[in-house]
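**Student:** Structure: protein_13.pdb, PDB, C-alpha atoms.
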MODEL        1
ATOM      1  CA  MET A   1      28.412 -47.806 -22.466
ATOM      2  CA  THR A   2      25.831 -50.602 -22.753
ATOM      3  CA  ASP A   3      22.647 -49.138 -21.249
ATOM      4  CA  GLN A   4      19.570 -50.196 -23.175
ATOM      5  CA  LEU A   5      17.720 -47.724 -25.407
ATOM      6  CA  PRO A   6      14.310 -48.170 -27.105
ATOM      7  CA  GLU A   7      14.115 -49.992 -30.421
ATOM      8  CA  GLY A   8      14.977 -47.751 -33.351
ATOM      9  CA  SER A   9      17.338 -45.525 -31.379
ATOM     10  CA  ALA A  10      20.895 -44.734 -32.416
ATOM     11  CA  PRO A  11      23.164 -45.242 -29.377
ATOM     12  CA  TRP A  12      25.998 -43.250 -30.954
ATOM     13  CA  LEU A  13      23.650 -40.303 -31.499
ATOM     14  CA  HIS A  14      22.469 -40.527 -27.911
ATOM     15  CA  ASP A  15      26.092 -40.286 -26.786
ATOM     16  CA  VAL A  16      26.623 -37.249 -29.031
ATOM     17  CA  GLY A  17      23.585 -35.673 -27.389
ATOM     18  CA  ARG A  18      25.045 -36.319 -23.942
ATOM     19  CA  TRP A  19      28.326 -34.744 -25.042
ATOM     20  CA  ILE A  20      26.485 -31.640 -26.236
ATOM     21  CA  ALA A  21      24.571 -31.513 -22.938
ATOM     22  CA  ARG A  22      27.823 -31.742 -20.983
ATOM     23  CA  GLY A  23      29.687 -29.212 -23.136
ATOM     24  CA  PRO A  24      28.178 -26.625 -25.514
ATOM     25  CA  LEU A  25      24.718 -26.567 -23.930
ATOM     26  CA  ARG A  26      26.052 -26.556 -20.380
ATOM     27  CA  ALA A  27      28.217 -23.536 -21.207
ATOM     28  CA  GLY A  28      25.113 -21.401 -20.795
ATOM     29  CA  PHE A  29      24.820 -22.377 -17.129
ATOM     30  CA  ARG A  30      27.056 -22.768 -14.113
ATOM     31  CA  VAL A  31      26.077 -26.297 -13.133
ATOM     32  CA  ARG A  32      26.915 -27.635  -9.686
ATOM     33  CA  ALA A  33      26.103 -31.340  -9.326
ATOM     34  CA  ARG A  34      26.265 -33.258  -6.062
ATOM     35  CA  GLY A  35      25.554 -36.878  -5.204
ATOM     36  CA  VAL A  36      26.003 -38.176  -8.754
ATOM     37  CA  SER A  37      27.922 -41.189  -7.400
ATOM     38  CA  ARG A  38      24.651 -42.358  -5.825
ATOM     39  CA  ILE A  39      23.368 -43.422  -9.245
ATOM     40  CA  PRO A  40      23.845 -47.217  -9.496
ATOM     41  CA  LEU A  41      26.189 -47.920 -12.393
ATOM     42  CA  GLU A  42      24.343 -51.066 -13.421
ATOM     43  CA  GLY A  43      20.866 -52.509 -13.209
ATOM     44  CA  PRO A  44      17.450 -50.930 -13.818
ATOM     45  CA  VAL A  45      16.953 -47.425 -12.417
ATOM     46  CA  VAL A  46      13.981 -45.058 -12.503
ATOM     47  CA  VAL A  47      15.208 -41.477 -12.115
ATOM     48  CA  VAL A  48      12.505 -39.118 -10.859
ATOM     49  CA  ALA A  49      13.142 -35.384 -11.130
ATOM     50  CA  ASN A  50      11.252 -32.166 -10.511
ATOM     51  CA  HIS A  51      10.411 -30.049 -13.530
ATOM     52  CA  SER A  52      10.324 -26.266 -13.848
ATOM     53  CA  SER A  53      12.027 -25.513 -17.183
ATOM     54  CA  MET A  54      12.688 -27.050 -20.593
ATOM     55  CA  ALA A  55      16.394 -26.952 -19.708
ATOM     56  CA  ASP A  56      15.976 -29.535 -16.922
ATOM     57  CA  GLY A  57      16.015 -32.576 -19.197
ATOM     58  CA  PRO A  58      19.087 -31.646 -21.259
ATOM     59  CA  ILE A  59      21.036 -30.679 -18.136
ATOM     60  CA  LEU A  60      20.228 -33.995 -16.453
ATOM     61  CA  LEU A  61      21.061 -35.876 -19.661
ATOM     62  CA  GLY A  62      24.578 -34.466 -19.407
ATOM     63  CA  VAL A  63      24.999 -34.709 -15.631
ATOM     64  CA  LEU A  64      23.871 -38.294 -15.025
ATOM     65  CA  PRO A  65      26.553 -40.956 -15.558
ATOM     66  CA  ARG A  66      24.435 -43.358 -17.649
ATOM     67  CA  ARG A  67      22.296 -43.209 -20.768
ATOM     68  CA  VAL A  68      18.826 -42.085 -19.713
ATOM     69  CA  VAL A  69      15.569 -42.587 -21.604
ATOM     70  CA  PHE A  70      13.236 -39.729 -20.636
ATOM     71  CA  LEU A  71       9.470 -39.692 -20.971
ATOM     72  CA  ILE A  72       8.755 -36.364 -22.719
ATOM     73  CA  LYS A  73       5.462 -34.706 -23.654
ATOM     74  CA  GLN A  74       4.315 -35.607 -27.153
ATOM     75  CA  GLU A  75       4.105 -31.954 -28.216
ATOM     76  CA  MET A  76       7.916 -31.839 -28.357
ATOM     77  CA  PHE A  77       8.041 -34.561 -31.010
ATOM     78  CA  LYS A  78       7.514 -32.431 -34.104
ATOM     79  CA  GLY A  79       9.703 -31.914 -37.157
ATOM     80  CA  VAL A  80      13.477 -32.223 -36.884
ATOM     81  CA  VAL A  81      13.413 -31.944 -33.090
ATOM     82  CA  GLY A  82      11.002 -34.848 -32.836
ATOM     83  CA  THR A  83      13.122 -37.000 -35.125
ATOM     84  CA  LEU A  84      16.247 -36.267 -33.081
ATOM     85  CA  LEU A  85      14.473 -36.989 -29.801
ATOM     86  CA  ARG A  86      13.377 -40.396 -31.081
ATOM     87  CA  LYS A  87      16.816 -41.189 -32.482
ATOM     88  CA  ILE A  88      18.507 -40.467 -29.131
ATOM     89  CA  GLY A  89      16.043 -42.792 -27.437
ATOM     90  CA  GLN A  90      13.517 -40.482 -25.823
ATOM     91  CA  LEU A  91       9.872 -41.535 -25.536
ATOM     92  CA  ALA A  92       6.813 -39.416 -26.379
ATOM     93  CA  VAL A  93       3.954 -39.524 -23.881
ATOM     94  CA  ARG A  94       0.502 -37.959 -24.140
ATOM     95  CA  ARG A  95      -0.470 -35.915 -21.114
ATOM     96  CA  GLY A  96      -3.939 -36.241 -19.631
ATOM     97  CA  ALA A  97      -4.809 -39.387 -21.581
ATOM     98  CA  PRO A  98      -4.197 -43.130 -21.131
ATOM     99  CA  ASP A  99      -0.997 -43.907 -23.030
ATOM    100  CA  ARG A 100       0.431 -47.329 -22.285
ATOM    101  CA  ALA A 101       2.712 -47.603 -25.339
ATOM    102  CA  PRO A 102       5.545 -45.383 -24.002
ATOM    103  CA  LEU A 103       5.235 -46.962 -20.539
ATOM    104  CA  LEU A 104       5.582 -50.432 -22.032
ATOM    105  CA  ALA A 105       8.593 -49.268 -24.073
ATOM    106  CA  ALA A 106      10.130 -47.814 -20.902
ATOM    107  CA  GLN A 107       9.374 -51.065 -19.110
ATOM    108  CA  ARG A 108      11.359 -52.978 -21.749
ATOM    109  CA  VAL A 109      14.311 -50.613 -21.263
ATOM    110  CA  LEU A 110      14.264 -51.243 -17.513
ATOM    111  CA  ARG A 111      13.930 -55.002 -17.853
ATOM    112  CA  ALA A 112      17.024 -54.903 -20.056
ATOM    113  CA  GLY A 113      18.897 -53.116 -17.255
ATOM    114  CA  GLY A 114      18.592 -49.544 -18.502
ATOM    115  CA  VAL A 115      17.683 -46.187 -16.976
ATOM    116  CA  VAL A 116      14.392 -44.340 -17.445
ATOM    117  CA  GLY A 117      13.863 -40.714 -16.419
ATOM    118  CA  VAL A 118      10.434 -39.466 -15.346
ATOM    119  CA  PHE A 119       9.169 -36.020 -14.360
ATOM    120  CA  PRO A 120       6.358 -37.252 -12.081
ATOM    121  CA  GLU A 121       4.695 -33.823 -11.830
ATOM    122  CA  GLY A 122       3.628 -34.408 -15.436
ATOM    123  CA  THR A 123       4.217 -30.835 -16.571
ATOM    124  CA  ARG A 124       6.443 -27.847 -15.924
ATOM    125  CA  GLY A 125       5.605 -25.711 -12.900
ATOM    126  CA  THR A 126       7.319 -24.433  -9.789
ATOM    127  CA  GLY A 127       9.110 -27.764  -9.382
ATOM    128  CA  ASP A 128       8.038 -28.191  -5.756
ATOM    129  CA  VAL A 129       6.458 -31.611  -6.492
ATOM    130  CA  ALA A 130       3.135 -30.857  -4.826
ATOM    131  CA  GLU A 131       1.589 -33.612  -6.953
ATOM    132  CA  ALA A 132       2.833 -36.701  -8.764
ATOM    133  CA  GLN A 133       1.459 -39.068 -11.363
ATOM    134  CA  ALA A 134       1.673 -42.838 -11.017
ATOM    135  CA  GLY A 135       3.895 -43.711 -14.003
ATOM    136  CA  ALA A 136       7.240 -43.728 -12.177
ATOM    137  CA  ALA A 137       5.957 -45.894  -9.325
ATOM    138  CA  TRP A 138       4.296 -48.295 -11.772
ATOM    139  CA  LEU A 139       7.501 -48.669 -13.774
ATOM    140  CA  ALA A 140       9.651 -49.296 -10.698
ATOM    141  CA  ARG A 141       7.216 -51.793  -9.148
ATOM    142  CA  SER A 142       6.648 -53.712 -12.383
ATOM    143  CA  THR A 143      10.361 -54.126 -13.159
ATOM    144  CA  GLY A 144      12.054 -54.228  -9.763
ATOM    145  CA  ALA A 145      13.997 -51.057 -10.592
ATOM    146  CA  VAL A 146      15.355 -48.856  -7.845
ATOM    147  CA  VAL A 147      14.153 -45.260  -7.721
ATOM    148  CA  VAL A 148      16.619 -42.365  -7.541
ATOM    149  CA  PRO A 149      15.264 -38.874  -6.807
ATOM    150  CA  VAL A 150      17.040 -35.947  -8.463
ATOM    151  CA  ALA A 151      16.378 -32.293  -7.602
ATOM    152  CA  CYS A 152      17.231 -29.559 -10.101
ATOM    153  CA  ARG A 153      17.025 -25.848  -9.303
ATOM    154  CA  GLY A 154      18.082 -22.673 -11.086
ATOM    155  CA  THR A 155      16.798 -23.299 -14.603
ATOM    156  CA  LEU A 156      13.583 -21.333 -14.039
ATOM    157  CA  ARG A 157      13.932 -17.584 -14.445
ATOM    158  CA  PRO A 158      12.039 -15.842 -11.616
ATOM    159  CA  ALA A 159       8.948 -13.990 -12.787
ATOM    160  CA  GLY A 160       9.533 -10.345 -13.582
ATOM    161  CA  THR A 161      13.300 -10.643 -13.927
ATOM    162  CA  ARG A 162      15.515 -10.125 -16.959
ATOM    163  CA  ARG A 163      17.367 -12.843 -18.816
ATOM    164  CA  ARG A 164      20.250 -14.049 -16.656
ATOM    165  CA  PHE A 165      23.860 -14.541 -17.732
ATOM    166  CA  ARG A 166      25.010 -18.118 -16.980
ATOM    167  CA  PRO A 167      22.698 -18.715 -14.009
ATOM    168  CA  VAL A 168      23.791 -21.154 -11.300
ATOM    169  CA  VAL A 169      21.970 -24.475 -11.650
ATOM    170  CA  ASP A 170      22.191 -26.982  -8.809
ATOM    171  CA  VAL A 171      21.562 -30.710  -9.235
ATOM    172  CA  LEU A 172      21.275 -32.872  -6.126
ATOM    173  CA  VAL A 173      20.993 -36.660  -6.438
ATOM    174  CA  GLY A 174      19.310 -38.412  -3.519
ATOM    175  CA  GLU A 175      19.702 -41.908  -2.110
ATOM    176  CA  PRO A 176      18.298 -44.802  -4.167
ATOM    177  CA  PHE A 177      15.283 -46.558  -2.667
ATOM    178  CA  GLU A 178      13.006 -49.458  -3.477
ATOM    179  CA  LEU A 179       9.232 -49.501  -3.533
ATOM    180  CA  PRO A 180       7.132 -52.260  -1.942
ATOM    181  CA  ASP A 181       5.746 -54.728  -4.471
ATOM    182  CA  ASP A 182       2.284 -54.956  -2.881
ATOM    183  CA  ARG A 183      -0.463 -55.510  -5.426
ATOM    184  CA  GLY A 184      -3.549 -53.439  -6.086
ATOM    185  CA  ARG A 185      -4.549 -49.871  -6.863
ATOM    186  CA  GLN A 186      -4.202 -48.617  -3.307
ATOM    187  CA  ALA A 187      -0.665 -49.997  -3.132
ATOM    188  CA  LEU A 188       0.195 -48.063  -6.299
ATOM    189  CA  VAL A 189      -1.305 -44.887  -4.827
ATOM    190  CA  LYS A 190       0.798 -45.377  -1.694
ATOM    191  CA  ALA A 191       3.956 -46.016  -3.735
ATOM    192  CA  THR A 192       3.284 -42.910  -5.841
ATOM    193  CA  GLU A 193       3.011 -40.806  -2.693
ATOM    194  CA  GLN A 194       6.296 -42.283  -1.452
ATOM    195  CA  VAL A 195       7.972 -41.212  -4.700
ATOM    196  CA  ARG A 196       6.443 -37.738  -4.453
ATOM    197  CA  ASP A 197       7.451 -37.325  -0.811
ATOM    198  CA  ARG A 198      11.065 -38.430  -1.372
ATOM    199  CA  LEU A 199      11.482 -36.087  -4.317
ATOM    200  CA  ALA A 200       9.723 -33.134  -2.657
ATOM    201  CA  THR A 201      11.896 -33.564   0.436
ATOM    202  CA  LEU A 202      15.035 -33.546  -1.710
ATOM    203  CA  VAL A 203      13.892 -30.414  -3.549
ATOM    204  CA  ALA A 204      13.258 -28.683  -0.208
ATOM    205  CA  GLU A 205      16.738 -29.725   0.954
ATOM    206  CA  LEU A 206      18.282 -28.242  -2.184
ATOM    207  CA  ASP A 207      16.267 -25.041  -1.799
ATOM    208  CA  SER A 208      17.591 -24.739   1.743
ATOM    209  CA  GLN A 209      21.162 -25.194   0.543
ATOM    210  CA  ARG A 210      20.597 -22.500  -2.081
ATOM    211  CA  GLY A 211      19.063 -20.175   0.498
ATOM    212  CA  GLU A 212      15.644 -20.374  -1.162
ATOM    213  CA  VAL A 213      13.561 -22.082   1.493
ATOM    214  CA  LYS A 214       9.929 -22.316   0.382
TER     215      LYS A 214
ENDMDL
END
So, in terms of structure tokens, how does the structure I just supplied come out?
**Tutor:**
Amino acid sequence: MTDQLPEGSAPWLHDVGRWIARGPLRAGFRVRARGVSRIPLEGPVVVVANHSSMADGPILLGVLPRRVVFLIKQEMFKGVVGTLLRKIGQLAVRRGAPDRAPLLAAQRVLRAGGVVGVFPEGTRGTGDVAEAQAGAAWLARSTGAVVVPVACRGTLRPAGTRRRFRPVVDVLVGEPFELPDDRGRQALVKATEQVRDRLATLVAELDSQRGEVK
């Protein structure tokens, strides 16, 4: 495993984290993953995923076949948890404020041929991807990385229901695609909408397969 991680990370600890995500942590869910072979096994990749639960990131960390550097809200980087997140190569990002440092660190990972994971909605919600922020599109366009949409459903407990025993979680990996490298702000807005549309379409497809058309 040679995928690039940010400076200061411990690759062996990242791999331990992936093992935990594939084994002990995953034991709490019945995970069904499809399309994983669509992830390119080399070269820079920006993974974009919907986000409805804190369990999404760890599940994807274990499901995806390469080391992934996720952009995670800064509030998670406190105490022991924060130290571990940094050591396994995850990047803290401030929501609602200009924060170029983690984007530039992610850019270096991609230029070295690594994989960066982004939740373009910017926060947890229903996971329908009604909106998307520009970070994923900017990273892909500035590094030449391909974009791979990944839909994840089943981690969010429906409102008003009791805690579920080993809920079924479905992960569906979509086809990789490239973004146009046109310059300018409007081109970035257009590329961001393309990312949002591809991911939202994949989420809707997964909902249909699960019998939860929305």
**Student:** Starting from the displayed file, determine the output of the PyMOL selection byres ((chain A and resi 132) around 6) and express the residue list as number ranges by chain.
**Tutor:** A: 120-121, 131, 133, 196
**Student:** Have a look at A:Val195, A:Val63, A:Ala27, A:Leu110 and name the one nearest to A:Glu178; count only C-alpha atoms.
**Tutor:**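 Nearest candidate to A:Glu178 out of A:Val195, A:Val63, A:Ala27, A:Leu110: A:Val195.
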**Student:** Nearest to A:Gly17: which of A:Thr192, A:Ser142, A:Gln90, A:Ser208 is it, counting all atoms listed in the file?
**Tutor:**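 Going through A:Thr192, A:Ser142, A:Gln90, A:Ser208 one by one, the smallest distance to A:Gly17 is for A:Gln90.
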**Student:** List every protein, DNA or RNA residue with an atom no more than 6 Å from (19.5, -40.7, -28.8) in the file's coordinates, counting all atoms listed in the file, and format the result as a list of chain:residue names.
**Tutor:**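 Residues with an atom at most 6 Å from (19.5, -40.7, -28.8): A:Ser9, A:Ala10, A:Pro11, A:Leu13, A:His14, A:Lys87, A:Ile88, A:Gly89.
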**Student:** Report, in Å to a single decimal, how far apart atom CA of A:Leu103 and atom CA of A:Ala134 are.
**Tutor:**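 So the answer is 11.0 Å.
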**Student:** Selection in question (the file shown): the PyMOL selection byres ((chain A and resi 43) around 9). Which residues does it include, as a PyMOL selection string?
**Tutor:** chain A and resi 3+40-42+44-45+110-115+145-146
**Student:** With C-alpha atoms retained, could you export that selection as a PDB file, in the frame of the given file?
**Tutor:**
ATOM      1  CA  ASP A   3      22.647 -49.138 -21.249  1.00  0.00           C
ATOM      2  CA  PRO A  40      23.845 -47.217  -9.496  1.00  0.00           C
ATOM      3  CA  LEU A  41      26.189 -47.920 -12.393  1.00  0.00           C
ATOM      4  CA  GLU A  42      24.343 -51.066 -13.421  1.00  0.00           C
ATOM      5  CA  PRO A  44      17.450 -50.930 -13.818  1.00  0.00           C
ATOM      6  CA  VAL A  45      16.953 -47.425 -12.417  1.00  0.00           C
ATOM      7  CA  LEU A 110      14.264 -51.243 -17.513  1.00  0.00           C
ATOM      8  CA  ARG A 111      13.930 -55.002 -17.853  1.00  0.00           C
ATOM      9  CA  ALA A 112      17.024 -54.903 -20.056  1.00  0.00           C
ATOM     10  CA  GLY A 113      18.897 -53.116 -17.255  1.00  0.00           C
ATOM     11  CA  GLY A 114      18.592 -49.544 -18.502  1.00  0.00           C
ATOM     12  CA  VAL A 115      17.683 -46.187 -16.976  1.00  0.00           C
ATOM     13  CA  ALA A 145      13.997 -51.057 -10.592  1.00  0.00           C
ATOM     14  CA  VAL A 146      15.355 -48.856  -7.845  1.00  0.00           C
TER      15      VAL A 146
END
**Student:** From the options A:Pro149, A:Gly135, A:Pro176, A:Pro24, which residue's atoms come nearest to A:Leu188, counting only C-alpha atoms?
**Tutor:**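 Looking only at the distances to A:Leu188, the closest residue turns out to be A:Gly135.
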**Student:** Check which residues of stretch 36-76 of chain A sit at most 7 Å from stretch 18-21 of chain A using all atoms listed in the file, and return one row each with the closest pair of atoms and their distance in Å to one decimal, ordered by chain and rising number, as a tab-separated table.
**Tutor:**
residue	atom	partner	partner_atom	distance
A:Pro58	CA	A:Ala21	CA	5.7
A:Ile59	CA	A:Ala21	CA	6.0
A:Leu61	CA	A:Arg18	CA	5.9
A:Gly62	CA	A:Ala21	CA	4.6
**Student:** Give the answer as one residue: which of A:Leu25, A:Leu172, A:Ala200, A:Val46 has the shortest atom-to-atom distance to A:Val148, using all atoms listed in the file?
**Tutor:**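 Selected residue with least distance to A:Val148: A:Val46.
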**Student:** Considering all atoms listed in the file, state which residue in the set A:Leu156, A:Ala187, A:Val31, A:Val48 is at the smallest distance from A:Val173.
**Tutor:**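 Nearest to A:Val173: A:Val48.
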